[in-house]
>>> print(open('structure-v8.cif').read())   # mmCIF, C-alpha atoms
data_final
#
loop_
_atom_site.label_atom_id
_atom_site.label_comp_id
_atom_site.auth_asym_id
_atom_site.auth_seq_id
_atom_site.Cartn_x
_atom_site.Cartn_y
_atom_site.Cartn_z
CA MET A 1 -47.61 17.69 -54.05
CA LYS A 2 -51.22 17.19 -55.19
CA LYS A 3 -50.25 18.32 -58.70
CA LEU A 4 -47.36 15.84 -58.76
CA LEU A 5 -49.63 13.02 -57.59
CA LEU A 6 -52.14 13.91 -60.30
CA VAL A 7 -49.45 13.78 -62.99
CA LEU A 8 -48.23 10.41 -61.70
CA LEU A 9 -51.80 9.08 -61.63
CA ILE A 10 -52.44 10.17 -65.22
CA SER A 11 -49.14 8.58 -66.33
CA ALA A 12 -50.02 5.35 -64.56
CA MET A 13 -53.45 5.30 -66.21
CA ALA A 14 -51.85 5.83 -69.60
CA VAL A 15 -49.50 2.90 -69.02
CA LEU A 16 -52.42 0.69 -67.97
CA ALA A 17 -54.44 1.76 -71.00
CA PHE A 18 -51.51 1.07 -73.32
CA SER A 19 -50.94 -2.37 -71.85
CA ALA A 20 -54.66 -3.10 -72.30
CA ALA A 21 -54.18 -3.29 -76.08
CA PRO A 22 -52.83 -6.81 -76.70
CA PHE A 23 -51.73 -5.94 -80.25
CA HIS A 24 -51.60 -3.06 -82.72
CA ILE A 25 -52.93 -2.58 -86.24
CA GLY A 26 -51.13 -0.19 -88.62
CA ILE A 27 -53.20 1.79 -91.13
CA VAL A 28 -51.61 3.73 -94.00
CA THR A 29 -53.80 6.03 -96.11
CA GLY A 30 -53.55 9.12 -98.26
CA THR A 31 -54.23 12.59 -96.90
CA VAL A 32 -57.52 14.49 -96.91
CA SER A 33 -56.55 16.25 -100.16
CA GLN A 34 -55.95 13.04 -102.13
CA SER A 35 -58.20 10.40 -100.57
CA GLU A 36 -60.31 11.73 -97.72
CA ASP A 37 -62.64 8.73 -97.50
CA ASP A 38 -59.74 6.31 -96.99
CA LEU A 39 -58.54 8.47 -94.09
CA ARG A 40 -62.03 8.70 -92.55
CA GLY A 41 -62.13 4.90 -92.44
CA ALA A 42 -59.00 4.97 -90.28
CA GLU A 43 -60.65 7.53 -88.01
CA ARG A 44 -63.65 5.20 -87.67
CA LEU A 45 -61.37 2.41 -86.47
CA ILE A 46 -59.67 4.77 -84.01
CA GLN A 47 -63.08 5.82 -82.74
CA GLU A 48 -63.88 2.20 -81.89
CA TYR A 49 -60.52 0.73 -80.97
CA GLY A 50 -58.49 3.75 -79.85
CA ASP A 51 -55.22 5.29 -81.01
CA VAL A 52 -51.91 3.65 -80.08
CA THR A 53 -50.66 6.95 -78.63
CA ASN A 54 -53.52 6.83 -76.12
CA GLY A 55 -53.23 3.17 -75.32
CA GLY A 56 -55.48 1.96 -78.13
CA MET A 57 -55.01 -0.51 -80.97
CA ILE A 58 -54.77 1.61 -84.14
CA LYS A 59 -51.67 3.36 -85.50
CA HIS A 60 -52.59 5.59 -88.45
CA ILE A 61 -50.12 7.36 -90.76
CA THR A 62 -50.47 9.05 -94.16
CA TYR A 63 -48.26 8.76 -97.23
CA PRO A 64 -47.15 11.84 -99.24
CA ASP A 65 -49.56 13.49 -101.70
CA ASN A 66 -46.85 13.40 -104.35
CA PHE A 67 -46.30 9.71 -103.77
CA MET A 68 -44.96 8.96 -107.25
CA SER A 69 -41.86 11.08 -106.66
CA GLU A 70 -41.58 10.20 -102.95
CA MET A 71 -41.87 6.43 -103.21
CA GLU A 72 -38.98 5.74 -100.85
CA THR A 73 -40.72 7.82 -98.18
CA THR A 74 -43.83 5.66 -98.52
CA ILE A 75 -41.76 2.47 -98.33
CA SER A 76 -39.96 3.72 -95.21
CA GLN A 77 -43.26 4.64 -93.56
CA ILE A 78 -44.70 1.17 -94.15
CA VAL A 79 -41.55 -0.57 -92.91
CA GLY A 80 -41.35 1.74 -89.89
CA LEU A 81 -44.62 0.33 -88.55
CA ALA A 82 -42.88 -3.03 -88.12
CA ASP A 83 -40.62 -1.51 -85.44
CA ASP A 84 -43.56 -1.72 -83.04
CA PRO A 85 -43.26 -5.13 -81.31
CA LEU A 86 -47.04 -5.25 -80.83
CA MET A 87 -47.79 -4.64 -84.52
CA LYS A 88 -49.73 -7.60 -85.93
CA ALA A 89 -51.17 -6.27 -89.20
CA ILE A 90 -50.52 -3.43 -91.66
CA ILE A 91 -53.23 -2.17 -94.03
CA VAL A 92 -52.40 0.22 -96.88
CA ASN A 93 -55.37 1.86 -98.62
CA GLN A 94 -54.93 2.89 -101.33
CA ALA A 95 -51.95 0.62 -101.94
CA ILE A 96 -49.99 3.04 -104.10
CA PRO A 97 -46.77 2.17 -106.00
CA GLY A 98 -44.13 1.22 -103.46
CA THR A 99 -46.51 -0.82 -101.30
CA THR A 100 -45.23 -4.13 -102.65
CA GLU A 101 -41.63 -3.24 -101.86
CA GLY A 102 -42.67 -1.96 -98.44
CA PHE A 103 -44.46 -5.24 -97.75
CA ARG A 104 -41.44 -7.26 -98.89
CA ARG A 105 -39.17 -5.40 -96.48
CA VAL A 106 -41.67 -5.85 -93.64
CA ARG A 107 -41.84 -9.58 -94.46
CA GLN A 108 -38.05 -9.86 -94.16
CA LYS A 109 -38.11 -8.03 -90.84
CA ARG A 110 -41.34 -9.32 -89.29
CA PRO A 111 -42.84 -12.37 -91.05
CA ASP A 112 -45.54 -12.55 -88.35
CA ILE A 113 -47.25 -9.32 -89.51
CA LEU A 114 -50.34 -9.64 -91.75
CA LEU A 115 -50.12 -7.43 -94.85
CA LEU A 116 -53.33 -6.18 -96.48
CA ALA A 117 -53.59 -3.96 -99.56
CA GLY A 118 -56.69 -1.93 -100.38
CA GLU A 119 -57.17 -0.86 -104.02
CA PRO A 120 -53.62 -1.63 -105.23
CA HIS A 121 -52.14 0.65 -107.90
CA GLU A 122 -49.61 -2.03 -108.81
CA ASP A 123 -50.46 -4.89 -111.16
CA PRO A 124 -52.27 -7.88 -109.63
CA LEU A 125 -49.40 -10.39 -109.90
CA VAL A 126 -47.05 -7.82 -108.34
CA ILE A 127 -49.12 -7.04 -105.24
CA GLU A 128 -50.18 -10.68 -104.89
CA SER A 129 -46.51 -11.62 -104.55
CA ALA A 130 -46.20 -9.65 -101.31
CA ALA A 131 -49.64 -9.13 -99.73
CA ASP A 132 -51.52 -11.66 -97.63
CA LEU A 133 -54.70 -10.14 -99.05
CA ALA A 134 -55.40 -7.56 -101.75
CA ILE A 135 -58.79 -5.97 -102.35
CA ASN A 136 -59.85 -4.15 -105.51
CA SER A 137 -63.15 -2.64 -106.48
CA ASP A 138 -64.26 -5.13 -109.09
CA PHE A 139 -62.72 -3.54 -112.19
CA VAL A 140 -63.87 -6.53 -114.26
CA ALA A 141 -67.54 -6.68 -113.26
CA ARG A 142 -67.84 -2.89 -112.89
CA GLY A 143 -66.42 -2.43 -116.38
CA TYR A 144 -69.65 -3.98 -117.60
CA LEU A 145 -72.02 -2.86 -114.83
CA ILE A 146 -71.21 0.86 -115.05
CA ILE A 147 -72.12 0.74 -118.75
CA TRP A 148 -75.21 -1.35 -117.97
CA SER A 149 -76.25 1.27 -115.41
CA ALA A 150 -75.52 4.17 -117.78
CA LYS A 151 -77.77 2.61 -120.42
CA LYS A 152 -80.51 2.01 -117.85
CA MET A 153 -80.24 5.72 -116.90
CA GLY A 154 -80.75 6.71 -120.54
CA ALA A 155 -77.19 7.51 -121.65
CA LYS A 156 -76.36 7.40 -125.36
CA THR A 157 -72.61 8.09 -125.05
CA PHE A 158 -70.01 7.16 -122.44
CA VAL A 159 -66.86 9.29 -121.97
CA HIS A 160 -63.90 7.74 -120.13
CA ILE A 161 -61.38 10.31 -118.80
CA SER A 162 -57.86 9.28 -117.77
CA PHE A 163 -54.12 9.72 -118.42
CA PRO A 164 -51.10 7.55 -119.34
CA ARG A 165 -49.98 6.63 -115.78
CA HIS A 166 -53.38 5.19 -114.91
CA MET A 167 -53.70 3.48 -118.27
CA SER A 168 -50.39 1.73 -117.57
CA TYR A 169 -52.06 -0.07 -114.64
CA GLU A 170 -53.35 -3.47 -115.72
CA THR A 171 -56.51 -3.15 -113.63
CA LEU A 172 -57.53 0.25 -114.99
CA SER A 173 -56.62 -0.46 -118.62
CA ARG A 174 -58.47 -3.78 -118.53
CA ARG A 175 -61.58 -2.09 -117.12
CA ARG A 176 -61.40 0.54 -119.87
CA THR A 177 -61.27 -2.21 -122.51
CA ILE A 178 -64.26 -3.96 -120.91
CA MET A 179 -66.17 -0.66 -120.84
CA GLU A 180 -65.58 -0.13 -124.55
CA ALA A 181 -66.69 -3.67 -125.34
CA ALA A 182 -69.81 -3.25 -123.18
CA CYS A 183 -70.64 0.04 -124.95
CA ASN A 184 -70.39 -1.70 -128.32
CA ASP A 185 -72.65 -4.53 -127.13
CA LEU A 186 -75.22 -2.36 -125.35
CA GLY A 187 -75.45 0.32 -128.02
CA LEU A 188 -73.57 3.26 -126.45
CA LYS A 189 -70.87 5.31 -128.16
CA PHE A 190 -67.54 5.01 -126.31
CA VAL A 191 -65.16 8.00 -126.17
CA PHE A 192 -61.75 8.26 -124.48
CA GLU A 193 -60.60 11.71 -123.34
CA THR A 194 -57.17 12.50 -121.84
CA ALA A 195 -56.69 14.81 -118.83
CA PRO A 196 -53.57 15.87 -116.89
CA ASP A 197 -52.19 13.62 -114.15
CA PRO A 198 -52.61 15.39 -110.76
CA THR A 199 -49.27 13.95 -109.57
CA SER A 200 -47.42 15.61 -112.47
CA ASP A 201 -45.85 19.08 -112.42
CA ILE A 202 -49.23 20.66 -113.13
CA GLY A 203 -50.44 19.44 -109.73
CA VAL A 204 -53.97 18.86 -108.42
CA ALA A 205 -55.05 22.47 -108.98
CA GLY A 206 -53.93 22.47 -112.60
CA ALA A 207 -55.56 19.13 -113.33
CA GLN A 208 -58.83 20.28 -111.80
CA GLN A 209 -58.76 23.53 -113.75
CA PHE A 210 -58.38 21.54 -116.96
CA ILE A 211 -61.55 19.56 -116.17
CA LEU A 212 -63.47 22.73 -115.30
CA GLU A 213 -62.56 24.25 -118.65
CA LYS A 214 -63.11 21.15 -120.81
CA VAL A 215 -66.45 19.81 -119.57
CA PRO A 216 -68.66 22.51 -121.18
CA ALA A 217 -67.06 21.77 -124.56
CA TRP A 218 -67.45 18.03 -124.04
CA ILE A 219 -71.14 18.45 -123.22
CA GLU A 220 -71.63 20.54 -126.34
CA LYS A 221 -69.78 17.95 -128.42
CA TYR A 222 -71.33 14.74 -127.06
CA GLY A 223 -74.72 15.91 -125.74
CA LYS A 224 -76.44 15.87 -122.38
CA GLN A 225 -77.32 12.17 -122.59
CA THR A 226 -73.64 11.40 -122.04
CA ALA A 227 -72.35 9.61 -118.95
CA PHE A 228 -68.87 10.64 -117.82
CA PHE A 229 -66.33 8.61 -115.84
CA CYS A 230 -62.85 9.54 -114.60
CA THR A 231 -60.17 7.31 -113.11
CA ASN A 232 -58.74 9.88 -110.68
CA ASP A 233 -60.26 11.15 -107.42
CA ALA A 234 -58.99 14.71 -107.88
CA HIS A 235 -60.80 15.01 -111.23
CA THR A 236 -64.14 13.97 -109.75
CA GLU A 237 -65.21 17.17 -107.99
CA PRO A 238 -64.70 19.57 -110.92
CA LEU A 239 -66.29 17.01 -113.27
CA LEU A 240 -69.42 16.77 -111.08
CA LYS A 241 -69.59 20.53 -110.65
CA GLN A 242 -69.64 21.13 -114.38
CA LEU A 243 -71.97 18.25 -115.19
CA LEU A 244 -74.49 19.69 -112.74
CA ALA A 245 -74.11 23.11 -114.34
CA TYR A 246 -74.05 22.14 -118.03
CA GLY A 247 -75.81 18.78 -118.18
CA GLY A 248 -74.47 15.28 -118.59
CA MET A 249 -74.69 12.15 -116.44
CA PHE A 250 -72.54 10.37 -113.87
CA VAL A 251 -73.07 6.76 -112.79
CA GLU A 252 -70.47 6.54 -110.03
CA ALA A 253 -66.89 7.47 -109.22
CA ASP A 254 -63.85 5.29 -109.75
CA LEU A 255 -63.86 4.75 -105.98
CA PRO A 256 -67.53 5.48 -105.26
CA SER A 257 -68.80 7.47 -102.28
CA PRO A 258 -71.41 10.17 -101.63
CA LEU A 259 -68.43 12.15 -100.33
CA MET A 260 -66.36 11.62 -103.48
CA GLY A 261 -66.58 15.00 -105.21
CA TYR A 262 -70.20 15.74 -104.36
CA PRO A 263 -69.85 18.03 -101.30
CA GLY A 264 -67.36 20.32 -103.07
CA ALA A 265 -69.30 20.27 -106.33
CA LEU A 266 -72.53 21.11 -104.52
CA GLY A 267 -70.97 23.58 -102.09
CA ILE A 268 -72.36 21.87 -98.99
CA ASP A 269 -70.73 21.27 -95.61
CA LEU A 270 -71.23 17.72 -94.37
CA SER A 271 -68.75 17.83 -91.48
CA ALA A 272 -71.57 17.57 -88.94
CA ALA A 273 -72.59 14.23 -90.49
CA ALA A 274 -69.08 12.76 -90.53
CA GLY A 275 -69.23 8.96 -90.55
CA ASP A 276 -73.04 8.87 -90.82
CA PHE A 277 -73.42 7.76 -94.43
CA PRO A 278 -77.23 7.48 -94.50
CA LYS A 279 -77.37 11.11 -93.36
CA ILE A 280 -74.66 12.12 -95.84
CA LEU A 281 -76.44 10.32 -98.68
CA SER A 282 -79.73 12.03 -97.84
CA ALA A 283 -78.13 15.49 -97.73
CA VAL A 284 -76.36 15.01 -101.06
CA GLU A 285 -79.48 13.57 -102.66
CA ALA A 286 -81.57 16.58 -101.62
CA GLU A 287 -79.11 18.97 -103.29
CA ILE A 288 -78.82 16.85 -106.44
CA VAL A 289 -82.59 16.75 -106.85
CA LYS A 290 -82.82 20.49 -106.18
CA LYS A 291 -80.36 21.11 -109.02
CA GLY A 292 -82.33 18.94 -111.44
CA GLY A 293 -79.98 15.96 -111.31
CA ALA A 294 -82.49 13.31 -110.19
CA ALA A 295 -81.98 9.96 -111.99
CA ARG A 296 -78.83 11.37 -113.68
CA PHE A 297 -76.22 11.03 -110.91
CA GLY A 298 -75.21 8.05 -108.81
CA THR A 299 -72.81 6.70 -106.20
CA TRP A 300 -72.40 3.89 -103.72
CA ALA A 301 -74.49 4.56 -100.61
CA PHE A 302 -71.42 3.86 -98.47
CA SER A 303 -67.94 5.00 -99.44
CA TYR A 304 -65.73 2.30 -100.94
CA GLY A 305 -62.55 3.97 -99.63
CA TYR A 306 -63.98 4.43 -96.14
CA THR A 307 -65.35 0.89 -96.00
CA THR A 308 -62.17 -0.71 -97.33
CA THR A 309 -59.97 0.97 -94.71
CA ALA A 310 -62.39 0.20 -91.89
CA GLY A 311 -63.39 -3.22 -93.24
CA LEU A 312 -59.83 -4.47 -93.74
CA GLY A 313 -58.89 -3.16 -90.30
CA GLU A 314 -61.85 -4.99 -88.78
CA LEU A 315 -61.00 -8.17 -90.69
CA ALA A 316 -57.37 -8.03 -89.53
CA ILE A 317 -58.46 -7.61 -85.91
CA ARG A 318 -60.80 -10.60 -86.18
CA VAL A 319 -58.10 -12.73 -87.83
CA VAL A 320 -55.53 -11.89 -85.15
CA LYS A 321 -58.12 -12.78 -82.50
CA GLY A 322 -58.83 -16.08 -84.27
CA GLU A 323 -62.42 -15.08 -85.07
CA ALA A 324 -62.09 -15.04 -88.89
CA SER A 325 -60.02 -16.34 -91.78
CA LEU A 326 -58.14 -13.89 -93.97
CA ASN A 327 -59.02 -15.41 -97.34
CA LYS A 328 -62.67 -16.40 -96.88
CA LEU A 329 -65.13 -14.26 -98.83
CA PRO A 330 -67.94 -14.51 -96.20
CA ASP A 331 -65.57 -13.26 -93.49
CA LEU A 332 -64.52 -10.29 -95.63
CA MET A 333 -68.15 -9.43 -96.45
CA SER A 334 -69.04 -9.68 -92.76
CA ALA A 335 -66.34 -7.15 -91.90
CA TYR A 336 -67.52 -4.81 -94.68
CA ASN A 337 -71.19 -5.21 -93.73
CA LYS A 338 -70.42 -3.93 -90.23
CA PHE A 339 -69.88 -0.49 -91.76
CA THR A 340 -72.52 -0.63 -94.56
CA PRO A 341 -75.87 -1.70 -93.09
CA GLY A 342 -78.55 -2.15 -95.76
CA ALA A 343 -76.25 -2.08 -98.78
CA SER A 344 -75.77 -5.09 -101.09
CA TRP A 345 -72.27 -6.32 -101.98
CA ASN A 346 -71.01 -8.85 -104.48
CA GLY A 347 -67.55 -10.10 -105.32
CA SER A 348 -65.22 -12.93 -106.27
CA PHE A 349 -61.58 -13.98 -106.25
CA TYR A 350 -59.51 -12.40 -109.01
CA THR A 351 -58.74 -14.57 -112.04
CA ASP A 352 -55.77 -13.65 -114.22
CA ALA A 353 -56.96 -13.09 -117.79
CA ASN A 354 -53.71 -14.36 -119.33
CA THR A 355 -53.31 -17.60 -117.38
CA GLY A 356 -56.83 -18.33 -116.13
CA VAL A 357 -55.35 -18.88 -112.66
CA ARG A 358 -57.57 -17.86 -109.76
CA ALA A 359 -55.74 -15.97 -107.02
CA ARG A 360 -56.13 -17.14 -103.43
CA ASN A 361 -55.23 -13.77 -101.89
CA HIS A 362 -56.89 -11.22 -104.20
CA ILE A 363 -60.60 -10.39 -104.01
CA LEU A 364 -62.68 -8.10 -106.23
CA ILE A 365 -65.78 -6.53 -104.67
CA TYR A 366 -68.53 -4.07 -105.56
CA GLN A 367 -71.62 -2.49 -104.02
CA ASP A 368 -75.01 -1.85 -105.61
CA THR A 369 -75.20 1.57 -107.31
CA TYR A 370 -77.51 4.16 -105.78
CA ILE A 371 -79.09 6.65 -108.20
CA PHE A 372 -80.08 9.94 -106.58
CA GLY A 373 -83.81 10.56 -106.74
CA GLN A 374 -84.40 6.95 -107.73
CA GLY A 375 -82.74 4.50 -105.31
CA PHE A 376 -80.65 1.37 -105.80
CA ILE A 377 -80.43 0.36 -109.44
CA GLY A 378 -79.92 -3.36 -108.74
CA SER A 379 -76.45 -3.78 -110.25
CA ALA A 380 -75.22 -6.04 -107.43
CA SER A 381 -77.66 -8.74 -108.55
CA VAL A 382 -76.93 -8.50 -112.29
CA GLU A 383 -75.10 -11.48 -113.76
CA VAL A 384 -72.14 -10.22 -115.76
CA PRO A 385 -71.87 -12.11 -119.08
CA GLU A 386 -68.95 -14.50 -118.97
CA LYS A 387 -67.35 -13.06 -122.13
CA TYR A 388 -66.35 -9.91 -120.21
CA LEU A 389 -64.48 -11.91 -117.60
CA ASP A 390 -62.02 -13.07 -120.27
CA ILE A 391 -61.33 -9.66 -121.85
CA LYS A 392 -57.71 -8.59 -121.40
#
>>> encode(input="structure-v8.cif", output="structure tokens")
Amino acid sequence: MKKLLLVLLISAMAVLAFSAAPFHIGIVTGTVSQSEDDLRGAERLIQEYGDVTNGGMIKHITYPDNFMSEMETTISQIVGLADDPLMKAIIVNQAIPGTTEGFRRVRQKRPDILLLAGEPHEDPLVIESAADLAINSDFVARGYLIIWSAKKMGAKTFVHISFPRHMSYETLSRRRTIMEAACNDLGLKFVFETAPDPTSDIGVAGAQQFILEKVPAWIEKYGKQTAFFCTNDAHTEPLLKQLLAYGGMFVEADLPSPLMGYPGALGIDLSAAAGDFPKILSAVEAEIVKKGGAARFGTWAFSYGYTTTAGLGELAIRVVKGEASLNKLPDLMSAYNKFTPGASWNGSFYTDANTGVRARNHILIYQDTYIFGQGFIGSASVEVPEKYLDIK
């Protein structure tokens, strides 16, 4: 009888806890293997606001690693969140292909749900047509600032590594064009190198092996005063590993974070510091300096992927509560600053290069670059020349 009463009491407490959450927030991210930082941001929200299954506010799901060939699965997952009558906002980070269609179907089903896209893979006008708010790392400003930082670090050559799928994205191809223009203006040699797409038949392992094998030859060809940049997360770890071993420089990742590639490349376990980015940054910095990489490797002090998941979730919660506006830059920065104390951010609303029209629901943001063994480089306060804002 006592056991039965205990079970009933626990069940009653669960019901009370569940009813305590006045609304739910859906978070969709990649898995640990494809985008760990994005996922950790969801875990941070769950830590603070609780999981729906335990009576909390956050419902977190992951899309398939091979999302390009399983797009319908991703769409179904996004739409499935709208079946929850308490669902008030859905955040997808990264907003991979299929997110726009998923948002459109949610809109038809539940027009009351807020739809937020972190780092969309679809072209700006496409995602803007469906999302209430889209956030990109500032591919326009960073196209110039990464080159500016590379020059300040002493680089003579800049190597951009990517593949056709990524170069078909307007945001990534436009940034590449800006980078080349900035190299020409600032006196660096620009080089484009092609690497395998991790979502192709070769897979993540094959793509990473390619990078491991090619970097020594690239260093020999271009020299150690060469800064390397890749557009894919899976390429980052093997690139860093070989740059540390053979020379070369690295300003920051496509989606910057001290966790992006560095722990694996350095062979260090940072699980004990999970979520504590000052501690993570310090641990990574110590290893970089030990390996002779001081002033040659950089990152953002706080993960962009982590902060975007957590920041957009926080913003959505505040908007639903009536404490913030969805499309006000100060409100977005306030939500991001909650998870990045001490770091400087900058940003602006996206302006279409073809039409000159400024979007009302698409914001580009970036954080100051941190150079290991040196500190913040000051990129968040640099004024990007206007000519780069008009490059297509």
>>> resolve_selection(input="structure-v8.cif", expression="the PyMOL selection byres ((chain A and resi 368-371) around 8)", output="list of chain:residue names")
A:Val251, A:Glu252, A:Ala294, A:Ala295, A:Arg296, A:Phe297, A:Gly298, A:Thr299, A:Trp300, A:Ala301, A:Ala343, A:Ser344, A:Trp345, A:Tyr366, A:Gln367, A:Phe372, A:Gly373, A:Gln374, A:Gly375, A:Phe376, A:Ile377, A:Gly378, A:Ser379, A:Ala380, A:Ser381
>>> closest_atom_pairs(input="structure-v8.cif", of="stretch 36-145 of chain A", to="stretch 305-320 of chain A", cutoff="7 Å", atoms="all atoms listed in the file", output="Markdown table")
| residue | atom | partner | partner_atom | distance |
| --- | --- | --- | --- | --- |
| A:Asp37 | CA | A:Tyr306 | CA | 4.7 |
| A:Asp38 | CA | A:Gly305 | CA | 4.5 |
| A:Arg40 | CA | A:Tyr306 | CA | 5.9 |
| A:Gly41 | CA | A:Tyr306 | CA | 4.2 |
| A:Ala42 | CA | A:Thr309 | CA | 6.0 |
| A:Arg44 | CA | A:Ala310 | CA | 6.7 |
| A:Leu45 | CA | A:Ala310 | CA | 5.9 |
| A:Ala89 | CA | A:Ala316 | CA | 6.5 |
| A:Ile91 | CA | A:Gly313 | CA | 6.9 |
| A:Asn93 | CA | A:Thr309 | CA | 6.1 |
| A:Gly118 | CA | A:Thr308 | CA | 6.4 |
>>> atom_distance(input="structure-v8.cif", atom1="atom CA of A:Asp254", atom2="atom CA of A:Tyr304")
9.5 Å
>>> resolve_selection(input="structure-v8.cif", expression="the PyMOL selection byres ((chain A and resi 158) around 10)", output="NGL selection string")
:A and (146-147 or 150-151 or 155-157 or 159-161 or 179-180 or 183 or 188-192 or 222 or 225-229 or 249-250)
>>> closest_residue(input="structure-v8.cif", among="A:Ser271, A:Ser325, A:Trp148, A:Val284", to="A:Asp185", atoms="all atoms listed in the file")
A:Trp148
>>> closest_residue(input="structure-v8.cif", among="A:Lys224, A:Ile219, A:Ile27, A:Lys214", to="A:Pro238", atoms="all atoms listed in the file")
A:Lys214
>>> residues_around(input="structure-v8.cif", residues="A:Glu72", least_positions_apart="3", cutoff="8 Å", atoms="all atoms listed in the file", output="list in words")
Ile75, Ser76 and Gly98 of chain A
>>> closest_atom_pairs(input="structure-v8.cif", of="stretch 195-306 of chain A", to="stretch 64-67 of chain A", cutoff="10 Å", atoms="all atoms listed in the file", output="tab-separated table")
residue	atom	partner	partner_atom	distance
A:Pro198	CA	A:Asn66	CA	8.8
A:Thr199	CA	A:Asn66	CA	5.8
A:Ser200	CA	A:Asn66	CA	8.4
A:Asp201	CA	A:Asn66	CA	9.9
A:Gly203	CA	A:Asn66	CA	8.8
A:Val204	CA	A:Asp65	CA	9.7
>>> write_last_selection(input="structure-v8.cif", atoms="C-alpha atoms", output="compact mmCIF listing (two decimals), keeping the file's coordinate frame")
# COMPACT_ATOMS: atom_id res chain seq x y z
CA PRO A 198 -52.61 15.39 -110.76
CA THR A 199 -49.27 13.95 -109.57
CA SER A 200 -47.42 15.61 -112.47
CA ASP A 201 -45.85 19.08 -112.42
CA GLY A 203 -50.44 19.44 -109.73
CA VAL A 204 -53.97 18.86 -108.42
>>> resolve_selection(input="structure-v8.cif", expression="the PyMOL selection byres ((chain A and resi 106-117) around 6)", output="PyMOL selection string")
chain A and resi 79+88-92+95+103-105+118+131-134
>>> residues_around(input="structure-v8.cif", residues="A:Thr194", least_positions_apart="6", cutoff="12 Å", atoms="all atoms listed in the file", output="list in words")
Val159, His160, Ile161, Ser162, Phe163, Pro164, Arg165, His166, Met167, Ala207, Phe210, Ile211, Lys214, Trp218, Phe229, Cys230, Thr231, Asn232 and His235 of chain A
>>> atom_distance(input="structure-v8.cif", atom1="atom CA of A:Gly223", atom2="atom CA of A:Val289")
20.5 Å
>>> closest_residue(input="structure-v8.cif", among="A:Pro85, A:Gly55, A:Gly275, A:Gly50", to="A:Ser303", atoms="all atoms listed in the file")
A:Gly275
